[in-house]
file entry-v4.cif (mmCIF, C-alpha atoms and all ligand atoms)
data_work
#
loop_
_atom_site.label_atom_id
_atom_site.label_comp_id
_atom_site.auth_asym_id
_atom_site.auth_seq_id
_atom_site.Cartn_x
_atom_site.Cartn_y
_atom_site.Cartn_z
CA MET E 15 -14.65 9.09 -26.14
CA ARG E 16 -14.90 5.70 -27.81
CA SER E 17 -16.55 3.00 -25.78
CA ILE E 18 -14.92 -0.44 -25.60
CA LEU E 19 -16.03 -3.62 -23.84
CA VAL E 20 -13.10 -5.54 -22.35
CA THR E 21 -13.96 -9.09 -21.28
CA GLY E 22 -11.57 -10.55 -18.72
CA GLY E 23 -10.09 -7.09 -18.21
CA ALA E 24 -9.18 -7.71 -14.57
CA GLY E 25 -6.75 -10.48 -15.52
CA PHE E 26 -3.05 -10.34 -16.28
CA ILE E 27 -3.07 -9.24 -19.93
CA GLY E 28 -6.44 -7.48 -19.64
CA SER E 29 -5.42 -5.19 -16.77
CA HIS E 30 -2.21 -4.03 -18.49
CA THR E 31 -4.16 -3.45 -21.70
CA CYS E 32 -6.80 -1.47 -19.80
CA LEU E 33 -4.06 0.84 -18.51
CA GLU E 34 -2.75 1.36 -22.04
CA LEU E 35 -6.25 2.09 -23.37
CA LEU E 36 -7.11 4.44 -20.48
CA LYS E 37 -3.94 6.38 -21.19
CA ASN E 38 -5.10 6.71 -24.78
CA GLY E 39 -8.47 8.11 -23.82
CA TYR E 40 -10.87 5.19 -24.33
CA TYR E 41 -13.96 4.62 -22.19
CA LEU E 42 -13.77 1.05 -20.87
CA ILE E 43 -16.48 -1.25 -19.65
CA VAL E 44 -14.89 -4.35 -18.18
CA ILE E 45 -16.68 -7.60 -17.44
CA ASP E 46 -14.86 -10.17 -15.33
CA SER E 47 -15.99 -13.06 -13.13
CA TYR E 48 -12.78 -12.84 -11.01
CA ILE E 49 -12.31 -16.57 -11.39
CA ASN E 50 -8.64 -15.84 -11.95
CA SER E 51 -8.32 -12.21 -10.83
CA SER E 52 -9.32 -9.72 -8.16
CA PRO E 53 -11.53 -6.62 -8.01
CA LYS E 54 -8.59 -4.93 -6.28
CA ILE E 55 -7.26 -4.22 -9.75
CA VAL E 56 -9.56 -1.17 -9.83
CA GLN E 57 -7.65 0.68 -7.08
CA ARG E 58 -4.35 -0.19 -8.73
CA LEU E 59 -5.45 1.06 -12.14
CA ASN E 60 -6.91 4.16 -10.54
CA SER E 61 -3.64 5.00 -8.83
CA LEU E 62 -1.69 4.47 -12.08
CA PHE E 63 -4.15 6.51 -14.11
CA SER E 64 -2.69 9.86 -14.89
CA GLY E 65 -4.85 10.29 -17.78
CA SER E 66 -6.48 12.59 -20.04
CA ARG E 67 -8.94 15.29 -19.10
CA GLN E 68 -11.43 12.75 -17.72
CA SER E 69 -11.43 11.33 -14.23
CA PHE E 70 -10.80 7.61 -13.77
CA LYS E 71 -14.46 7.07 -12.89
CA GLU E 72 -15.55 8.71 -16.12
CA GLN E 73 -13.38 6.36 -18.13
CA PHE E 74 -13.58 3.01 -16.36
CA LYS E 75 -16.34 0.73 -15.18
CA LEU E 76 -15.83 -2.82 -13.90
CA ILE E 77 -18.77 -5.22 -13.76
CA LYS E 78 -18.59 -8.56 -12.01
CA GLY E 79 -20.12 -11.18 -14.25
CA ASP E 80 -19.70 -14.11 -16.56
CA ILE E 81 -19.52 -13.90 -20.35
CA ARG E 82 -21.83 -16.92 -20.49
CA ASP E 83 -24.56 -14.75 -18.91
CA LYS E 84 -26.55 -13.60 -21.93
CA ILE E 85 -28.89 -11.38 -19.93
CA LEU E 86 -26.04 -9.53 -18.27
CA LEU E 87 -24.25 -9.01 -21.58
CA GLU E 88 -27.45 -7.69 -23.12
CA SER E 89 -27.91 -5.22 -20.30
CA ILE E 90 -24.33 -3.99 -20.70
CA PHE E 91 -24.85 -3.27 -24.40
CA LYS E 92 -28.28 -1.75 -23.76
CA ASP E 93 -27.08 0.50 -20.92
CA ALA E 94 -24.21 1.72 -23.06
CA ILE E 95 -26.68 2.78 -25.75
CA ASN E 96 -28.93 4.47 -23.18
CA ASN E 97 -25.89 6.35 -21.85
CA LYS E 98 -25.15 7.51 -25.40
CA MET E 99 -21.89 5.58 -25.36
CA PRO E 100 -22.67 2.54 -27.55
CA ILE E 101 -19.99 -0.12 -27.45
CA GLU E 102 -17.93 0.18 -30.63
CA ALA E 103 -15.59 -2.75 -30.16
CA VAL E 104 -14.79 -5.66 -27.88
CA ILE E 105 -11.41 -6.88 -26.70
CA HIS E 106 -12.09 -10.45 -25.70
CA PHE E 107 -9.68 -11.80 -23.07
CA ALA E 108 -12.10 -13.71 -20.83
CA GLY E 109 -11.42 -17.41 -20.72
CA LEU E 110 -9.61 -20.23 -18.99
CA LYS E 111 -5.96 -20.72 -19.88
CA SER E 112 -4.39 -23.70 -18.16
CA VAL E 113 -3.28 -26.30 -20.69
CA GLU E 114 -3.11 -28.97 -18.00
CA GLU E 115 -6.57 -28.25 -16.57
CA SER E 116 -8.03 -28.20 -20.08
CA VAL E 117 -6.89 -31.78 -20.62
CA PHE E 118 -8.51 -32.94 -17.36
CA ASN E 119 -11.67 -30.87 -17.74
CA PRO E 120 -12.28 -30.43 -21.47
CA SER E 121 -16.02 -29.78 -21.24
CA LEU E 122 -15.43 -26.82 -18.92
CA TYR E 123 -12.92 -25.34 -21.37
CA TRP E 124 -15.26 -25.77 -24.33
CA GLU E 125 -18.12 -24.28 -22.33
CA VAL E 126 -16.23 -21.20 -21.13
CA ASN E 127 -13.86 -20.49 -24.00
CA VAL E 128 -16.09 -21.46 -26.91
CA GLY E 129 -19.57 -21.29 -25.36
CA GLY E 130 -18.75 -17.95 -23.71
CA SER E 131 -17.43 -16.57 -26.99
CA ILE E 132 -20.56 -17.68 -28.85
CA THR E 133 -22.78 -15.92 -26.31
CA LEU E 134 -20.70 -12.77 -26.61
CA LEU E 135 -20.67 -12.82 -30.42
CA ARG E 136 -24.44 -13.36 -30.61
CA ILE E 137 -25.04 -10.33 -28.43
CA MET E 138 -22.53 -8.29 -30.44
CA GLU E 139 -24.48 -9.17 -33.61
CA GLN E 140 -27.72 -8.21 -31.94
CA TYR E 141 -26.35 -4.80 -30.92
CA ASN E 142 -24.58 -4.12 -34.19
CA CYS E 143 -21.13 -4.17 -32.69
CA ARG E 144 -18.88 -6.03 -35.11
CA ASN E 145 -15.35 -5.08 -34.16
CA ILE E 146 -13.40 -7.56 -32.08
CA VAL E 147 -9.83 -8.22 -30.98
CA PHE E 148 -9.55 -11.82 -29.81
CA SER E 149 -6.90 -13.29 -27.48
CA SER E 150 -5.54 -16.25 -29.38
CA SER E 151 -2.38 -18.17 -28.77
CA ALA E 152 0.70 -19.60 -30.44
CA THR E 153 -0.31 -22.97 -28.96
CA ILE E 154 -2.69 -23.42 -31.91
CA TYR E 155 0.22 -24.03 -34.32
CA ASN E 156 1.35 -27.52 -35.28
CA CYS E 157 4.11 -28.21 -32.76
CA ASN E 158 6.23 -29.81 -35.50
CA CYS E 159 6.49 -26.51 -37.40
CA LYS E 160 9.91 -24.95 -37.31
CA SER E 161 10.41 -21.56 -35.65
CA PRO E 162 10.17 -18.74 -36.48
CA LEU E 163 6.47 -19.54 -36.68
CA SER E 164 4.57 -17.48 -39.22
CA GLU E 165 0.81 -17.01 -39.35
CA GLU E 166 0.84 -19.38 -42.34
CA CYS E 167 1.90 -22.36 -40.20
CA GLU E 168 -0.55 -25.20 -39.99
CA ILE E 169 -3.16 -24.84 -37.23
CA LYS E 170 -3.08 -28.13 -35.34
CA PRO E 171 -3.37 -27.75 -31.57
CA ILE E 172 -2.55 -30.80 -29.49
CA ASN E 173 -4.46 -29.94 -26.31
CA THR E 174 -8.00 -28.90 -25.44
CA TYR E 175 -6.99 -25.34 -24.54
CA GLY E 176 -5.41 -24.81 -27.96
CA GLN E 177 -8.38 -26.48 -29.65
CA THR E 178 -10.81 -24.04 -28.03
CA LYS E 179 -8.70 -21.09 -29.26
CA ALA E 180 -8.60 -22.50 -32.80
CA ALA E 181 -12.37 -23.13 -32.66
CA VAL E 182 -13.09 -19.48 -31.78
CA GLU E 183 -10.79 -18.30 -34.58
CA ASN E 184 -12.75 -20.57 -36.97
CA LEU E 185 -16.05 -19.21 -35.78
CA LEU E 186 -14.78 -15.65 -36.22
CA PHE E 187 -13.72 -16.52 -39.75
CA SER E 188 -17.22 -17.79 -40.57
CA LEU E 189 -18.67 -14.52 -39.29
CA TYR E 190 -16.28 -12.53 -41.45
CA LYS E 191 -17.15 -14.63 -44.52
CA ASN E 192 -20.74 -13.50 -44.21
CA LYS E 193 -20.07 -10.16 -45.92
CA ARG E 194 -23.53 -8.80 -45.17
CA MET E 195 -22.54 -8.54 -41.53
CA ASP E 196 -19.37 -6.51 -42.03
CA TRP E 197 -17.20 -7.88 -39.24
CA ARG E 198 -13.75 -6.48 -38.46
CA ILE E 199 -11.73 -9.10 -36.62
CA ILE E 200 -8.17 -9.39 -35.36
CA ASN E 201 -6.85 -12.52 -33.68
CA LEU E 202 -3.73 -11.75 -31.70
CA ARG E 203 -1.72 -14.92 -31.29
CA TYR E 204 0.40 -14.33 -28.21
CA PHE E 205 3.68 -16.08 -27.58
CA ASN E 206 4.91 -15.88 -23.93
CA PRO E 207 3.62 -12.75 -22.17
CA VAL E 208 5.66 -12.05 -19.02
CA GLY E 209 6.87 -9.26 -16.73
CA ALA E 210 4.78 -6.49 -15.23
CA HIS E 211 4.11 -2.77 -15.46
CA SER E 212 7.31 -0.91 -14.51
CA SER E 213 5.65 0.53 -11.39
CA GLY E 214 5.30 -2.97 -9.95
CA MET E 215 1.70 -2.05 -9.09
CA ILE E 216 0.07 -4.50 -11.49
CA GLY E 217 1.35 -7.87 -12.61
CA GLU E 218 0.61 -11.56 -12.97
CA ASP E 219 -1.17 -13.09 -9.99
CA PRO E 220 -1.62 -16.77 -10.75
CA ARG E 221 -4.14 -18.68 -8.63
CA GLY E 222 -3.50 -22.28 -7.67
CA GLU E 223 -0.55 -24.22 -8.93
CA ILE E 224 2.01 -22.30 -10.96
CA ASN E 225 2.86 -23.91 -14.30
CA ASN E 226 4.60 -21.20 -16.28
CA LEU E 227 8.26 -20.43 -16.05
CA PHE E 228 8.28 -16.73 -15.27
CA PRO E 229 5.97 -16.66 -12.22
CA TYR E 230 7.84 -19.71 -10.97
CA LEU E 231 11.13 -17.86 -11.34
CA ASN E 232 9.70 -14.97 -9.31
CA ARG E 233 8.71 -17.33 -6.50
CA VAL E 234 12.14 -18.92 -6.41
CA ALA E 235 13.76 -15.46 -6.30
CA SER E 236 11.56 -14.48 -3.34
CA GLY E 237 12.42 -17.70 -1.51
CA ALA E 238 8.80 -18.89 -1.49
CA ILE E 239 9.88 -21.88 -3.60
CA LYS E 240 13.23 -23.53 -2.95
CA GLU E 241 14.39 -24.20 -6.50
CA LEU E 242 13.34 -24.11 -10.11
CA ARG E 243 12.86 -27.43 -11.85
CA ILE E 244 14.02 -27.15 -15.44
CA PHE E 245 12.11 -29.55 -17.67
CA GLY E 246 14.87 -31.19 -19.67
CA ASN E 247 18.49 -30.40 -20.49
CA ASN E 248 18.69 -32.48 -23.64
CA TRP E 249 16.52 -30.51 -26.05
CA PRO E 250 18.04 -29.81 -29.47
CA THR E 251 18.87 -26.21 -28.52
CA LEU E 252 22.14 -24.37 -27.89
CA ASP E 253 22.25 -25.20 -24.17
CA GLY E 254 19.78 -28.10 -24.08
CA THR E 255 16.93 -26.17 -22.42
CA GLY E 256 13.63 -25.12 -24.03
CA VAL E 257 13.48 -21.93 -26.08
CA ARG E 258 10.52 -19.49 -26.03
CA ASP E 259 9.62 -16.00 -27.17
CA TYR E 260 9.15 -13.92 -24.00
CA ILE E 261 7.33 -10.68 -24.61
CA HIS E 262 6.99 -7.84 -22.09
CA ILE E 263 3.38 -7.45 -21.00
CA MET E 264 3.36 -3.70 -21.75
CA ASP E 265 4.52 -4.34 -25.32
CA LEU E 266 1.66 -6.80 -25.62
CA ALA E 267 -0.75 -4.22 -24.15
CA ASN E 268 0.47 -1.72 -26.73
CA ALA E 269 -0.23 -4.24 -29.53
CA HIS E 270 -3.87 -4.36 -28.37
CA TYR E 271 -4.15 -0.59 -28.47
CA LEU E 272 -2.74 -0.49 -32.01
CA ALA E 273 -4.93 -3.40 -33.13
CA LEU E 274 -8.01 -1.62 -31.81
CA LYS E 275 -7.03 1.64 -33.52
CA TYR E 276 -6.49 -0.27 -36.76
CA LEU E 277 -9.91 -1.93 -36.55
CA LEU E 278 -11.77 1.25 -35.73
CA LYS E 279 -10.18 3.07 -38.67
CA LYS E 280 -10.90 0.29 -41.12
CA LYS E 281 -13.67 1.06 -43.61
CA ASN E 282 -14.38 -2.49 -44.83
CA SER E 283 -14.77 -5.83 -43.17
CA GLY E 284 -11.60 -7.73 -42.42
CA PHE E 285 -10.09 -10.77 -40.75
CA LEU E 286 -6.49 -10.79 -39.62
CA SER E 287 -4.39 -13.11 -37.48
CA LEU E 288 -1.20 -11.62 -36.10
CA ASN E 289 1.64 -13.16 -34.15
CA ILE E 290 2.55 -11.08 -31.12
CA GLY E 291 6.04 -12.00 -30.05
CA THR E 292 9.48 -10.43 -30.18
CA GLY E 293 10.78 -12.72 -32.91
CA LYS E 294 13.62 -13.79 -30.64
CA GLY E 295 14.02 -17.10 -28.82
CA THR E 296 15.45 -17.33 -25.29
CA SER E 297 16.38 -20.54 -23.49
CA VAL E 298 15.47 -21.28 -19.88
CA LEU E 299 19.12 -20.95 -18.85
CA GLU E 300 19.48 -17.64 -20.69
CA LEU E 301 16.40 -16.29 -18.94
CA ILE E 302 17.74 -17.37 -15.54
CA LYS E 303 21.10 -15.74 -16.26
CA THR E 304 19.53 -12.41 -17.21
CA TYR E 305 17.18 -12.56 -14.20
CA GLU E 306 20.13 -13.15 -11.86
CA GLU E 307 22.23 -10.38 -13.38
CA VAL E 308 19.49 -7.74 -13.51
CA ASN E 309 18.16 -8.46 -10.04
CA SER E 310 21.44 -9.41 -8.34
CA CYS E 311 20.05 -12.65 -7.04
CA LYS E 312 20.64 -16.37 -7.28
CA ILE E 313 18.12 -18.80 -8.80
CA PRO E 314 18.83 -22.34 -7.60
CA PHE E 315 17.68 -24.92 -10.15
CA ILE E 316 17.73 -28.63 -10.87
CA PHE E 317 17.16 -30.51 -14.10
CA VAL E 318 14.23 -32.90 -14.22
CA ASP E 319 12.56 -34.88 -17.02
CA ARG E 320 10.97 -33.16 -19.97
CA ARG E 321 7.39 -32.01 -19.42
CA PRO E 322 4.85 -33.96 -21.51
CA GLY E 323 3.59 -31.95 -24.47
CA ASP E 324 6.53 -29.48 -24.46
CA VAL E 325 8.28 -28.42 -27.65
CA ALA E 326 11.98 -27.58 -27.98
CA ILE E 327 11.72 -24.20 -29.64
CA SER E 328 8.92 -21.73 -30.23
CA PHE E 329 9.34 -18.16 -31.35
CA ALA E 330 7.45 -15.84 -33.63
CA LYS E 331 7.87 -14.41 -37.04
CA ASN E 332 6.32 -11.07 -36.21
CA ASN E 333 6.72 -9.07 -39.44
CA LEU E 334 3.01 -9.08 -40.20
CA ALA E 335 2.15 -7.44 -36.87
CA THR E 336 4.97 -4.91 -37.12
CA SER E 337 4.13 -3.90 -40.69
CA THR E 338 0.34 -3.91 -40.28
CA LEU E 339 0.04 -2.21 -36.93
CA GLY E 340 3.26 -0.18 -36.86
CA TRP E 341 3.95 -2.05 -33.64
CA LYS E 342 7.39 -2.83 -32.28
CA PRO E 343 8.36 -4.42 -28.98
CA LYS E 344 10.33 -1.76 -27.09
CA ARG E 345 11.36 -3.69 -24.00
CA ASP E 346 13.99 -6.41 -23.74
CA LEU E 347 14.63 -9.40 -21.50
CA SER E 348 16.32 -7.21 -18.85
CA ASP E 349 13.22 -4.99 -18.63
CA ILE E 350 11.08 -8.11 -18.30
CA CYS E 351 13.21 -9.47 -15.45
CA ARG E 352 13.48 -6.14 -13.62
CA ASP E 353 9.77 -5.25 -13.85
CA GLY E 354 8.62 -8.80 -13.12
CA TRP E 355 10.74 -9.00 -9.98
CA LYS E 356 9.60 -5.55 -8.83
CA TRP E 357 5.97 -6.72 -8.98
CA GLU E 358 6.85 -9.87 -7.01
CA LYS E 359 8.80 -7.94 -4.35
CA LEU E 360 6.02 -5.40 -3.83
CA ASN E 361 3.22 -7.99 -3.96
CA PRO E 362 4.45 -11.31 -2.57
CA ASN E 363 0.83 -12.38 -2.08
CA GLY E 364 -0.49 -10.94 -5.31
CA TYR E 365 -3.54 -8.70 -4.97
CA THR E 366 -4.69 -10.23 -1.69
P1 LIG E 401 -6.05 -14.33 -16.84
O1 LIG E 401 -6.62 -15.56 -16.28
O2 LIG E 401 -5.16 -13.51 -15.98
O3 LIG E 401 -7.22 -13.39 -17.40
C1 LIG E 401 -8.45 -13.90 -17.87
C2 LIG E 401 -9.54 -13.16 -17.13
O4 LIG E 401 -10.81 -13.65 -17.58
C3 LIG E 401 -9.48 -13.35 -15.63
O5 LIG E 401 -9.57 -12.12 -14.99
C4 LIG E 401 -10.70 -14.22 -15.33
O6 LIG E 401 -11.22 -13.96 -14.05
C5 LIG E 401 -11.63 -13.84 -16.45
N1 LIG E 401 -12.61 -14.87 -16.80
C6 LIG E 401 -12.38 -16.20 -16.99
N2 LIG E 401 -13.53 -16.80 -17.33
C7 LIG E 401 -14.48 -15.85 -17.37
C8 LIG E 401 -15.87 -15.85 -17.68
N3 LIG E 401 -16.51 -16.98 -18.00
N4 LIG E 401 -16.55 -14.69 -17.64
C9 LIG E 401 -15.91 -13.53 -17.30
N5 LIG E 401 -14.61 -13.47 -16.98
C10 LIG E 401 -13.90 -14.62 -17.04
O7 LIG E 401 -5.29 -14.73 -18.18
P2 LIG E 401 -4.39 -13.85 -19.13
O8 LIG E 401 -3.01 -14.41 -19.09
O9 LIG E 401 -4.61 -12.41 -18.87
O10 LIG E 401 -5.00 -14.26 -20.52
C11 LIG E 401 -6.00 -13.50 -21.19
C12 LIG E 401 -6.40 -14.20 -22.46
O11 LIG E 401 -5.24 -14.39 -23.27
C13 LIG E 401 -6.99 -15.59 -22.23
O12 LIG E 401 -8.04 -15.77 -23.16
C14 LIG E 401 -5.84 -16.53 -22.54
O13 LIG E 401 -6.28 -17.76 -23.01
C15 LIG E 401 -5.12 -15.76 -23.64
N6 LIG E 401 -3.69 -16.11 -23.73
C16 LIG E 401 -2.88 -16.00 -22.63
C17 LIG E 401 -1.53 -16.34 -22.73
C18 LIG E 401 -0.61 -16.27 -21.53
O14 LIG E 401 0.48 -16.85 -21.59
N7 LIG E 401 -0.96 -15.55 -20.49
C19 LIG E 401 -1.01 -16.80 -23.94
C20 LIG E 401 -1.86 -16.88 -25.04
C21 LIG E 401 -3.20 -16.52 -24.91
N1 LIG E 402 9.79 -24.60 -17.79
C1 LIG E 402 10.67 -25.15 -16.86
N2 LIG E 402 10.28 -25.21 -15.57
C2 LIG E 402 9.07 -24.74 -15.13
C3 LIG E 402 8.20 -24.17 -16.09
C4 LIG E 402 8.59 -24.13 -17.41
O1 LIG E 402 11.76 -25.57 -17.21
O2 LIG E 402 8.77 -24.82 -13.94
C5 LIG E 402 10.22 -24.49 -19.20
C6 LIG E 402 9.32 -25.19 -20.20
O3 LIG E 402 9.72 -26.53 -20.38
C7 LIG E 402 9.51 -24.33 -21.45
C8 LIG E 402 9.75 -22.92 -20.90
O4 LIG E 402 10.17 -23.11 -19.54
O5 LIG E 402 10.67 -24.73 -22.15
C9 LIG E 402 8.51 -22.03 -20.90
O6 LIG E 402 7.46 -22.73 -20.26
P1 LIG E 402 6.03 -22.02 -19.99
O7 LIG E 402 5.15 -23.03 -19.37
O8 LIG E 402 6.26 -20.74 -19.27
O9 LIG E 402 5.52 -21.62 -21.46
P2 LIG E 402 5.01 -22.56 -22.66
O10 LIG E 402 5.77 -23.84 -22.60
O11 LIG E 402 3.56 -22.74 -22.47
O12 LIG E 402 5.35 -21.79 -23.89
#

call {"tool": "encode", "arguments": {"input": "entry-v4.cif", "output": "structure tokens", "more": "lines below"}}
Ligand code: NAD
Ligand code: UDP
result
Amino acid sequence: MRSILVTGGAGFIGSHTCLELLKNGYYLIVIDSYINSSPKIVQRLNSLFSGSRQSFKEQFKLIKGDIRDKILLESIFKDAINNKMPIEAVIHFAGLKSVEESVFNPSLYWEVNVGGSITLLRIMEQYNCRNIVFSSSATIYNCNCKSPLSEECEIKPINTYGQTKAAVENLLFSLYKNKRMDWRIINLRYFNPVGAHSSGMIGEDPRGEINNLFPYLNRVASGAIKELRIFGNNWPTLDGTGVRDYIHIMDLANAHYLALKYLLKKKNSGFLSLNIGTGKGTSVLELIKTYEEVNSCKIPFIFVDRRPGDVAISFAKNNLATSTLGWKPKRDLSDICRDGWKWEKLNPNGYT
């Protein structure tokens, strides 16, 4: 079994990716501080695990801790060697992700997202582990670029969150340039990950105020929130509402599995940035319509002013990911709406 460290593996994208990797026979060591997740994910993953010949316990270990804790990280790498399961690669999800919070608390975002990554990368160097898949984001692109956004678009983030993602990508590039070290690096630049595993057992469990459209939609459907506020109806789009590239969380999880497989097969060093999106834009009104149809429900909404910092249209050019990884999104907007609502119905209070 190949041994992989997953930072932030208890979170939304991390937990779905863990399931995909468990299914494919990897041994996972997860480190998570639970600042935006819950240890209850372990029972959920265990119950969904219908794996290989190993038991869940033989394939999955979750450690509570912070990626800024150098001593803890060292002990994780050391223990893995002592157990004859040295860590071969890292999938690095851990970090803070609220654009709004990053603007109000920039030093925290630089400390966790960049400082935490530096600590992790230093320990990886020390323990000769030089394969990494990094969670990057489409928010790093210049917001004036026209969609579909290719990996060649200018990198020019306008908020602190995006700047920390771009900074880590830059750091990774410097590591790769040092050929003596032989790093294999893939930055996955996610567009809008949404939905949940089709079982409804794991999903997105946002803490605090909800900012993103899909979890908000779920809350309106459940009646916990009275109505959806749509930020602007005068964007230069077909129906005047903002357009995004919504990708099913299990398709995103599958992209991580394929990226990891690609890295571990690769003989030489490498540095790749790949857009992970469907390549298709969907407006807010289109998403609401599909959600209502698939789930036979009504989503009350009102139009309010545009949200500061929003762009009209953002969707991916995803050819590089599809051709390099042999990856293809298999689920559509209806699957997203059905699975996302199932998670919400079964878990109105998240993991608590
Ligand atoms: P999430 O908050 O659900 O998951 C992140 C996990 O990291 C959480 O479990 C959290 O507890 C943990 N964590 C945070 N700081 C930590 C620290 N210092 N040490 C250890 N654990 C820590 O978020 P997500 O949506 O699953 O996102 C995962 C990654 O993908 C993040 O890096 C995020 O920036 C990036 N990303 C997310 C999106 C999105 O729309 N969800 C889009 C682009 C990129
Ligand atoms: N949006 C909205 N109401 C909300 C949240 C989001 O109308 O309560 C819109 C937002 O303006 C954008 C789209 O939905 O056009 C997706 O927003 P989200 O925050 O989910 O993703 P991002 O803008 O970060 O890509």

call {"tool": "residues_around", "arguments": {"input": "entry-v4.cif", "residues": "range 267-282 of chain E", "least_positions_apart": "2", "cutoff": "6 Å", "atoms": "only C-alpha atoms", "output": "list in words"}}
result
His30, Thr31, Met264, Asp265 and Leu339 of chain E

call {"tool": "closest_residue", "arguments": {"input": "entry-v4.cif", "among": "E:Glu34, E:Asp83, E:Glu241, E:Glu300", "to": "Ile263 in chain E", "atoms": "all atoms listed in the file"}}
result
E:Glu34

call {"tool": "closest_atom_pairs", "arguments": {"input": "entry-v4.cif", "of": "chain E", "to": "ligand LIG 402 (chain E)", "cutoff": "9 Å", "atoms": "all atoms listed in the file", "output": "Markdown table"}}
result
| residue | atom | partner | partner_atom | distance |
| --- | --- | --- | --- | --- |
| E:Val113 | CA | E:LIG402 | O11 | 7.9 |
| E:Ala152 | CA | E:LIG402 | O12 | 8.3 |
| E:Thr153 | CA | E:LIG402 | O11 | 7.6 |
| E:Phe205 | CA | E:LIG402 | O12 | 7.0 |
| E:Asn206 | CA | E:LIG402 | O12 | 5.9 |
| E:Pro207 | CA | E:LIG402 | O8 | 8.9 |
| E:Val208 | CA | E:LIG402 | O8 | 8.7 |
| E:Ile224 | CA | E:LIG402 | O2 | 7.8 |
| E:Asn225 | CA | E:LIG402 | O7 | 5.6 |
| E:Asn226 | CA | E:LIG402 | O8 | 3.5 |
| E:Leu227 | CA | E:LIG402 | C3 | 3.7 |
| E:Phe228 | CA | E:LIG402 | O8 | 6.0 |
| E:Pro229 | CA | E:LIG402 | O8 | 8.2 |
| E:Tyr230 | CA | E:LIG402 | O2 | 6.0 |
| E:Leu231 | CA | E:LIG402 | O2 | 7.8 |
| E:Leu242 | CA | E:LIG402 | O2 | 6.0 |
| E:Arg243 | CA | E:LIG402 | N2 | 5.0 |
| E:Ile244 | CA | E:LIG402 | O1 | 3.3 |
| E:Phe245 | CA | E:LIG402 | O1 | 4.0 |
| E:Gly246 | CA | E:LIG402 | O1 | 6.9 |
| E:Asn247 | CA | E:LIG402 | O1 | 8.9 |
| E:Thr255 | CA | E:LIG402 | O5 | 6.4 |
| E:Gly256 | CA | E:LIG402 | O5 | 3.5 |
| E:Val257 | CA | E:LIG402 | O5 | 5.6 |
| E:Arg258 | CA | E:LIG402 | O12 | 6.0 |
| E:Asp259 | CA | E:LIG402 | O12 | 7.9 |
| E:Tyr260 | CA | E:LIG402 | C9 | 8.7 |
| E:Ser297 | CA | E:LIG402 | O5 | 7.2 |
| E:Val298 | CA | E:LIG402 | O4 | 5.6 |
| E:Leu299 | CA | E:LIG402 | O1 | 8.8 |
| E:Phe317 | CA | E:LIG402 | O1 | 8.0 |
| E:Val318 | CA | E:LIG402 | O1 | 8.3 |
| E:Arg320 | CA | E:LIG402 | O3 | 6.8 |
| E:Arg321 | CA | E:LIG402 | O3 | 6.0 |
| E:Pro322 | CA | E:LIG402 | O3 | 9.0 |
| E:Gly323 | CA | E:LIG402 | O10 | 8.6 |
| E:Asp324 | CA | E:LIG402 | O3 | 6.0 |
| E:Val325 | CA | E:LIG402 | O5 | 7.0 |
| E:Ala326 | CA | E:LIG402 | O5 | 6.6 |
| E:Ile327 | CA | E:LIG402 | O5 | 7.6 |
| E:Ser328 | CA | E:LIG402 | O12 | 7.3 |

call {"tool": "closest_atom_pairs", "arguments": {"input": "entry-v4.cif", "of": "chain E", "to": "ligand LIG 401 (chain E)", "cutoff": "9 Å", "atoms": "all atoms listed in the file", "output": "tab-separated table"}}
result
residue	atom	partner	partner_atom	distance
E:Thr21	CA	E:LIG401	N5	6.2
E:Gly22	CA	E:LIG401	O4	3.4
E:Gly23	CA	E:LIG401	O5	6.0
E:Ala24	CA	E:LIG401	O5	4.4
E:Gly25	CA	E:LIG401	O5	3.3
E:Phe26	CA	E:LIG401	O9	3.7
E:Ile27	CA	E:LIG401	O9	3.7
E:Gly28	CA	E:LIG401	O9	5.3
E:Ser29	CA	E:LIG401	O9	7.6
E:His30	CA	E:LIG401	O9	8.7
E:Ile45	CA	E:LIG401	C9	6.0
E:Asp46	CA	E:LIG401	N5	3.7
E:Ser47	CA	E:LIG401	N5	4.1
E:Tyr48	CA	E:LIG401	O6	3.6
E:Ile49	CA	E:LIG401	O6	3.9
E:Asn50	CA	E:LIG401	O6	3.8
E:Ser51	CA	E:LIG401	O5	4.3
E:Ser52	CA	E:LIG401	O5	7.2
E:Lys78	CA	E:LIG401	C9	7.7
E:Gly79	CA	E:LIG401	C9	5.7
E:Asp80	CA	E:LIG401	N4	3.4
E:Ile81	CA	E:LIG401	N4	4.1
E:Arg82	CA	E:LIG401	N3	5.9
E:Asp83	CA	E:LIG401	N4	8.1
E:His106	CA	E:LIG401	O12	7.2
E:Phe107	CA	E:LIG401	C12	4.1
E:Ala108	CA	E:LIG401	O4	3.5
E:Gly109	CA	E:LIG401	C6	4.0
E:Leu110	CA	E:LIG401	C6	5.3
E:Lys111	CA	E:LIG401	O13	4.3
E:Ser112	CA	E:LIG401	O13	7.9
E:Glu125	CA	E:LIG401	N3	8.6
E:Val126	CA	E:LIG401	N3	5.3
E:Asn127	CA	E:LIG401	N3	7.4
E:Gly130	CA	E:LIG401	N3	6.2
E:Phe148	CA	E:LIG401	O12	7.9
E:Ser149	CA	E:LIG401	O11	4.7
E:Ser150	CA	E:LIG401	C21	5.1
E:Ser151	CA	E:LIG401	C20	4.0
E:Ala152	CA	E:LIG401	C20	6.6
E:Thr153	CA	E:LIG401	C20	7.4
E:Tyr175	CA	E:LIG401	O13	7.8
E:Gly176	CA	E:LIG401	O13	8.7
E:Lys179	CA	E:LIG401	O13	7.5
E:Leu202	CA	E:LIG401	C21	8.3
E:Arg203	CA	E:LIG401	C20	6.6
E:Tyr204	CA	E:LIG401	C20	4.7
E:Phe205	CA	E:LIG401	C19	6.0
E:Asn206	CA	E:LIG401	O14	5.1
E:Pro207	CA	E:LIG401	O14	5.2
E:Val208	CA	E:LIG401	O14	7.5
E:Glu218	CA	E:LIG401	O2	6.8
E:Asp219	CA	E:LIG401	O2	7.2
E:Pro220	CA	E:LIG401	O2	7.1
E:Arg221	CA	E:LIG401	O1	8.6
E:Asn226	CA	E:LIG401	O14	8.0
